[in-house]
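*Asks:* Sharing upload-v4.cif (mmCIF, C-alpha atoms) below.
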data_run
loop_
_atom_site.label_atom_id
_atom_site.label_comp_id
_atom_site.auth_asym_id
_atom_site.auth_seq_id
_atom_site.Cartn_x
_atom_site.Cartn_y
_atom_site.Cartn_z
CA MET Y 162 0.00 0.00 0.00
CA ALA Y 163 1.36 3.39 -1.01
CA VAL Y 164 1.99 6.06 1.60
CA HIS Y 165 1.08 9.64 0.71
CA LYS Y 166 2.76 12.48 2.57
CA LEU Y 167 1.54 16.03 2.67
CA TYR Y 168 3.92 18.82 3.46
CA ILE Y 169 2.57 22.02 4.94
CA GLU Y 170 4.96 24.06 2.81
CA GLU Y 171 3.06 22.90 -0.27
CA PHE Y 172 -0.07 24.76 0.78
CA GLU Y 173 -0.31 28.41 -0.12
CA GLU Y 174 -1.05 30.68 2.80
CA GLU Y 175 -4.44 32.32 2.55
CA ASP Y 176 -4.39 35.99 1.70
CA TYR Y 177 -5.90 38.08 4.48
CA HIS Y 178 -5.39 41.31 6.39
CA ILE Y 179 -5.97 41.84 10.10
CA ILE Y 180 -6.87 45.27 11.47
CA ALA Y 181 -6.81 45.80 15.24
CA ILE Y 182 -9.44 48.11 16.71
CA HIS Y 183 -9.30 49.67 20.19
CA THR Y 184 -12.72 51.04 21.16
CA SER Y 185 -15.26 51.35 23.94
CA LEU Y 186 -18.16 50.70 21.55
CA GLU Y 187 -20.37 47.63 21.80
CA ASP Y 188 -19.93 45.10 18.99
CA TYR Y 189 -23.21 45.88 17.21
CA ARG Y 190 -22.56 49.65 17.30
CA LEU Y 191 -19.04 49.19 15.92
CA ALA Y 192 -20.47 46.98 13.13
CA TYR Y 193 -22.99 49.72 12.31
CA PHE Y 194 -20.31 52.42 12.07
CA LEU Y 195 -18.03 50.15 9.99
CA ASN Y 196 -20.92 49.48 7.61
CA ARG Y 197 -21.55 53.20 7.26
CA ASN Y 198 -17.91 54.30 6.86
CA LEU Y 199 -16.58 51.40 4.76
CA GLU Y 200 -19.77 50.86 2.70
CA ILE Y 201 -20.03 47.19 3.62
CA ARG Y 202 -22.90 45.19 5.17
CA LEU Y 203 -21.64 43.39 8.26
CA SER Y 204 -24.36 41.40 10.01
CA LYS Y 205 -24.39 39.18 13.09
CA ASN Y 206 -23.14 35.72 12.23
CA GLY Y 207 -25.09 32.94 13.93
CA LEU Y 208 -21.89 30.98 14.43
CA ASP Y 209 -19.80 32.61 17.12
CA ILE Y 210 -16.18 31.51 17.43
CA GLN Y 211 -15.87 28.89 20.16
CA SER Y 212 -12.72 28.63 22.23
CA LYS Y 213 -11.64 26.39 25.08
CA VAL Y 214 -9.37 27.69 27.80
CA LYS Y 215 -8.38 26.14 31.10
CA GLU Y 216 -11.17 27.98 32.98
CA GLY Y 217 -13.90 26.76 30.61
CA THR Y 218 -15.43 27.39 27.22
CA THR Y 219 -16.20 30.78 25.76
CA SER Y 220 -17.40 32.23 22.49
CA PHE Y 221 -16.44 35.39 20.65
CA ALA Y 222 -19.05 37.46 18.80
CA ARG Y 223 -18.67 37.62 15.03
CA PHE Y 224 -20.14 39.86 12.34
CA SER Y 225 -19.64 38.84 8.70
CA PHE Y 226 -20.11 40.13 5.17
CA SER Y 227 -19.28 38.39 1.88
CA ASP Y 228 -18.83 40.73 -1.07
CA GLU Y 229 -19.90 38.45 -3.93
CA GLU Y 230 -18.81 40.88 -6.65
CA LYS Y 231 -15.19 41.13 -5.48
CA PHE Y 232 -15.09 37.78 -3.59
CA ILE Y 233 -13.91 39.53 -0.41
CA ASN Y 234 -14.92 38.23 3.03
CA TRP Y 235 -15.11 40.64 5.96
CA ASP Y 236 -15.26 39.44 9.59
CA LEU Y 237 -15.46 41.64 12.67
CA VAL Y 238 -14.48 39.51 15.66
CA GLN Y 239 -14.48 40.25 19.36
CA ASN Y 240 -11.08 39.71 21.00
CA LYS Y 241 -12.04 39.80 24.69
CA ASN Y 242 -14.67 37.82 26.55
CA GLU Y 243 -15.34 37.01 30.19
CA ILE Y 244 -15.62 33.47 31.52
CA GLU Y 245 -17.67 33.06 34.66
CA GLY Y 246 -17.41 29.92 36.70
CA VAL Y 247 -18.08 28.44 40.10
CA GLU Y 248 -15.19 27.50 42.34
CA LYS Y 249 -15.62 24.10 43.96
CA SER Y 250 -14.78 23.85 47.62
CA ALA Y 251 -12.57 20.90 48.54
CA SER Y 252 -13.09 21.17 52.28
CA GLU Y 253 -16.09 20.47 54.47
CA ASP Y 254 -16.60 23.33 56.87
CA LEU Y 255 -19.12 25.92 57.97
CA PHE Y 256 -18.97 27.72 54.60
CA SER Y 257 -18.85 24.68 52.32
CA ASN Y 258 -22.38 25.28 51.03
CA THR Y 259 -21.47 28.72 49.70
CA LYS Y 260 -20.48 28.92 46.10
CA ASN Y 261 -17.67 31.22 45.09
CA THR Y 262 -17.97 32.57 41.59
CA PHE Y 263 -15.06 33.89 39.61
CA SER Y 264 -14.61 35.56 36.30
CA SER Y 265 -11.57 35.62 34.09
CA ALA Y 266 -10.80 37.10 30.71
CA ALA Y 267 -10.29 35.03 27.58
CA TYR Y 268 -8.71 36.35 24.39
CA LEU Y 269 -9.00 35.23 20.78
CA LEU Y 270 -5.42 36.37 20.18
CA PRO Y 271 -3.75 36.41 23.62
CA GLU Y 272 -0.68 38.29 22.38
CA TYR Y 273 -2.94 41.31 21.67
CA LYS Y 274 -4.72 41.64 25.03
CA LYS Y 275 -5.35 45.37 24.69
CA VAL Y 276 -7.21 45.01 21.35
CA ASP Y 277 -11.00 44.97 21.58
CA PHE Y 278 -11.88 43.80 18.05
CA PHE Y 279 -10.21 42.48 14.92
CA LEU Y 280 -11.39 43.11 11.38
CA LYS Y 281 -10.28 40.22 9.17
CA ILE Y 282 -10.42 40.86 5.42
CA GLU Y 283 -9.91 37.78 3.23
CA ASN Y 284 -9.16 37.45 -0.50
CA ALA Y 285 -8.40 41.14 -0.97
CA LYS Y 286 -5.06 41.02 -2.77
CA ASN Y 287 -5.21 44.23 -4.79
CA GLU Y 288 -8.88 45.09 -4.44
CA ILE Y 289 -8.63 47.34 -1.38
CA ASN Y 290 -6.27 49.90 0.10
CA ILE Y 291 -5.63 48.77 3.69
CA LEU Y 292 -4.22 52.16 4.77
CA GLU Y 293 -7.38 53.88 3.54
CA ILE Y 294 -9.54 51.44 5.50
CA VAL Y 295 -7.48 52.01 8.67
CA SER Y 296 -7.86 55.76 8.16
CA LYS Y 297 -11.66 55.49 7.77
CA ILE Y 298 -11.95 53.32 10.89
CA SER Y 299 -9.86 55.75 12.95
CA LYS Y 300 -12.34 58.54 12.13
CA ILE Y 301 -15.17 56.71 13.93
CA ASP Y 302 -16.08 58.34 17.27
CA ASN Y 303 -14.99 56.29 20.31
CA VAL Y 304 -12.33 54.40 18.32
CA SER Y 305 -9.17 55.30 20.15
CA MET Y 306 -6.70 53.47 17.93
CA THR Y 307 -6.62 51.23 14.88
CA TYR Y 308 -3.76 49.69 12.93
CA ASN Y 309 -2.83 46.93 10.52
CA VAL Y 310 -1.43 43.84 12.29
CA ASP Y 311 1.53 42.04 10.73
CA LYS Y 312 0.17 38.49 10.36
CA ASN Y 313 3.70 37.06 10.55
CA LYS Y 314 3.95 38.26 14.16
CA ILE Y 315 0.74 36.53 15.27
CA LYS Y 316 1.59 33.51 17.39
CA SER Y 317 -1.92 32.07 17.61
CA LYS Y 318 -2.85 32.14 13.90
CA ASN Y 319 -4.96 29.01 14.28
CA ASN Y 320 -7.54 31.02 16.21
CA LEU Y 321 -8.16 33.05 13.05
CA ILE Y 322 -9.34 30.03 11.08
CA PHE Y 323 -13.11 30.32 10.89
#
Could you rewrite the structure in this file as structure tokens?

*Replies:*
Amino acid sequence: MAVHKLYIEEFEEEDYHIIAIHTSLEDYRLAYFLNRNLEIRLSKNGLDIQSKVKEGTTSFARFSFSDEEKFINWDLVQNKNEIEGVEKSASEDLFSNTKNTFSSAAYLLPEYKKVDFFLKIENAKNEINILEIVSKISKIDNVSMTYNVDKNKIKSKNNLIF
């Protein structure tokens, strides 16, 4: 029986851009302003991005738009989410019936903990000007900072596969 080997180097890396957005806006309000300023139609995606961390399971909100004319996919993804859990008591004492709750933060890309949202733009080789998009996003009220992320510096690239 023949053995077939696949080498990862043979696969072409998908073309995408990642824009980091620092803002105090809620996800739906940011999606609205992005739609208005970038002339796209982001809408809530029914499939949130699921992630497992040691504290439990969490999901990150996602808004998507597929431009069928230019074959460009746009995804606005939440980077931060809270995980709430109940701490189990190992000892039997006067307070053993009380339940201690805790909350911890989970990140889609842990190396960018200060970023609130990421805008992922796929299949946009020469169709869009990324600097122009960053400029338009930075003009939105309550967006404190936005910039293009070098995808070669992202350590947890697998979290961007959705």

*Asks:* Expand the PyMOL selection byres ((chain Y and resi 188-205) around 9) into the individual residues it matches in the shown file, reporting them as a PDB file with C-alpha atoms, in the coordinates of the input.

*Replies:*
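Written out: out-v8.pdb:
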ATOM      1  CA  THR Y 184     -12.720  51.040  21.160  1.00  0.00           C
ATOM      2  CA  LEU Y 186     -18.160  50.700  21.550  1.00  0.00           C
ATOM      3  CA  GLU Y 187     -20.370  47.630  21.800  1.00  0.00           C
ATOM      4  CA  ASN Y 206     -23.140  35.720  12.230  1.00  0.00           C
ATOM      5  CA  GLY Y 207     -25.090  32.940  13.930  1.00  0.00           C
ATOM      6  CA  LEU Y 208     -21.890  30.980  14.430  1.00  0.00           C
ATOM      7  CA  ASP Y 209     -19.800  32.610  17.120  1.00  0.00           C
ATOM      8  CA  ALA Y 222     -19.050  37.460  18.800  1.00  0.00           C
ATOM      9  CA  ARG Y 223     -18.670  37.620  15.030  1.00  0.00           C
ATOM     10  CA  PHE Y 224     -20.140  39.860  12.340  1.00  0.00           C
ATOM     11  CA  SER Y 225     -19.640  38.840   8.700  1.00  0.00           C
ATOM     12  CA  PHE Y 226     -20.110  40.130   5.170  1.00  0.00           C
ATOM     13  CA  SER Y 227     -19.280  38.390   1.880  1.00  0.00           C
ATOM     14  CA  ASP Y 228     -18.830  40.730  -1.070  1.00  0.00           C
ATOM     15  CA  TRP Y 235     -15.110  40.640   5.960  1.00  0.00           C
ATOM     16  CA  ASP Y 236     -15.260  39.440   9.590  1.00  0.00           C
ATOM     17  CA  LEU Y 237     -15.460  41.640  12.670  1.00  0.00           C
ATOM     18  CA  VAL Y 238     -14.480  39.510  15.660  1.00  0.00           C
ATOM     19  CA  GLN Y 239     -14.480  40.250  19.360  1.00  0.00           C
ATOM     20  CA  PHE Y 278     -11.880  43.800  18.050  1.00  0.00           C
ATOM     21  CA  ILE Y 294      -9.540  51.440   5.500  1.00  0.00           C
ATOM     22  CA  LYS Y 297     -11.660  55.490   7.770  1.00  0.00           C
ATOM     23  CA  ILE Y 298     -11.950  53.320  10.890  1.00  0.00           C
ATOM     24  CA  LYS Y 300     -12.340  58.540  12.130  1.00  0.00           C
ATOM     25  CA  ILE Y 301     -15.170  56.710  13.930  1.00  0.00           C
ATOM     26  CA  ASP Y 302     -16.080  58.340  17.270  1.00  0.00           C
ATOM     27  CA  VAL Y 304     -12.330  54.400  18.320  1.00  0.00           C
TER      28      VAL Y 304
END

*Asks:* Translate the PyMOL selection byres ((chain Y and resi 180) around 8) into a concrete residue list for this structure, as an NGL selection string.

*Replies:* :Y and (178-179 or 181-182 or 279-281 or 295 or 307-310)

*Asks:* Might you spell out which residues the PyMOL selection byres ((chain Y and resi 219) around 12) would select in the displayed file, as an MDAnalysis selection string?

*Replies:* chainID Y and resid 209:218 220:222 239:246 264:269

*Asks:* How many Å lie between atom CA of Glu230 of chain Y and atom CA of Asn313 of chain Y, rounded to one decimal?

*Replies:*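 Straight-line distance from atom CA of Glu230 of chain Y to atom CA of Asn313 of chain Y works out to 28.6 Å.
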
*Asks:* Can you work out the spacing between atom CA of Tyr177 of chain Y and atom CA of Ala285 of chain Y in Å, to one decimal?

*Replies:*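 Between atom CA of Tyr177 of chain Y and atom CA of Ala285 of chain Y the gap is 6.7 Å.
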
*Asks:* List the neighbours of Ile315 of chain Y out to 9 Å using all atoms listed in the file; skip same-chain residues closer than 3 positions along the sequence, and give me the result as a list of chain:residue names.

*Replies:* Y:Leu270, Y:Glu272, Y:Tyr273, Y:Val310, Y:Asp311, Y:Lys312, Y:Lys318

*Asks:* Could you jot down the atom CA of Ile291 of chain Y to atom CA of Asn303 of chain Y separation for me, Å, one decimal place?

*Replies:* 20.5 Å
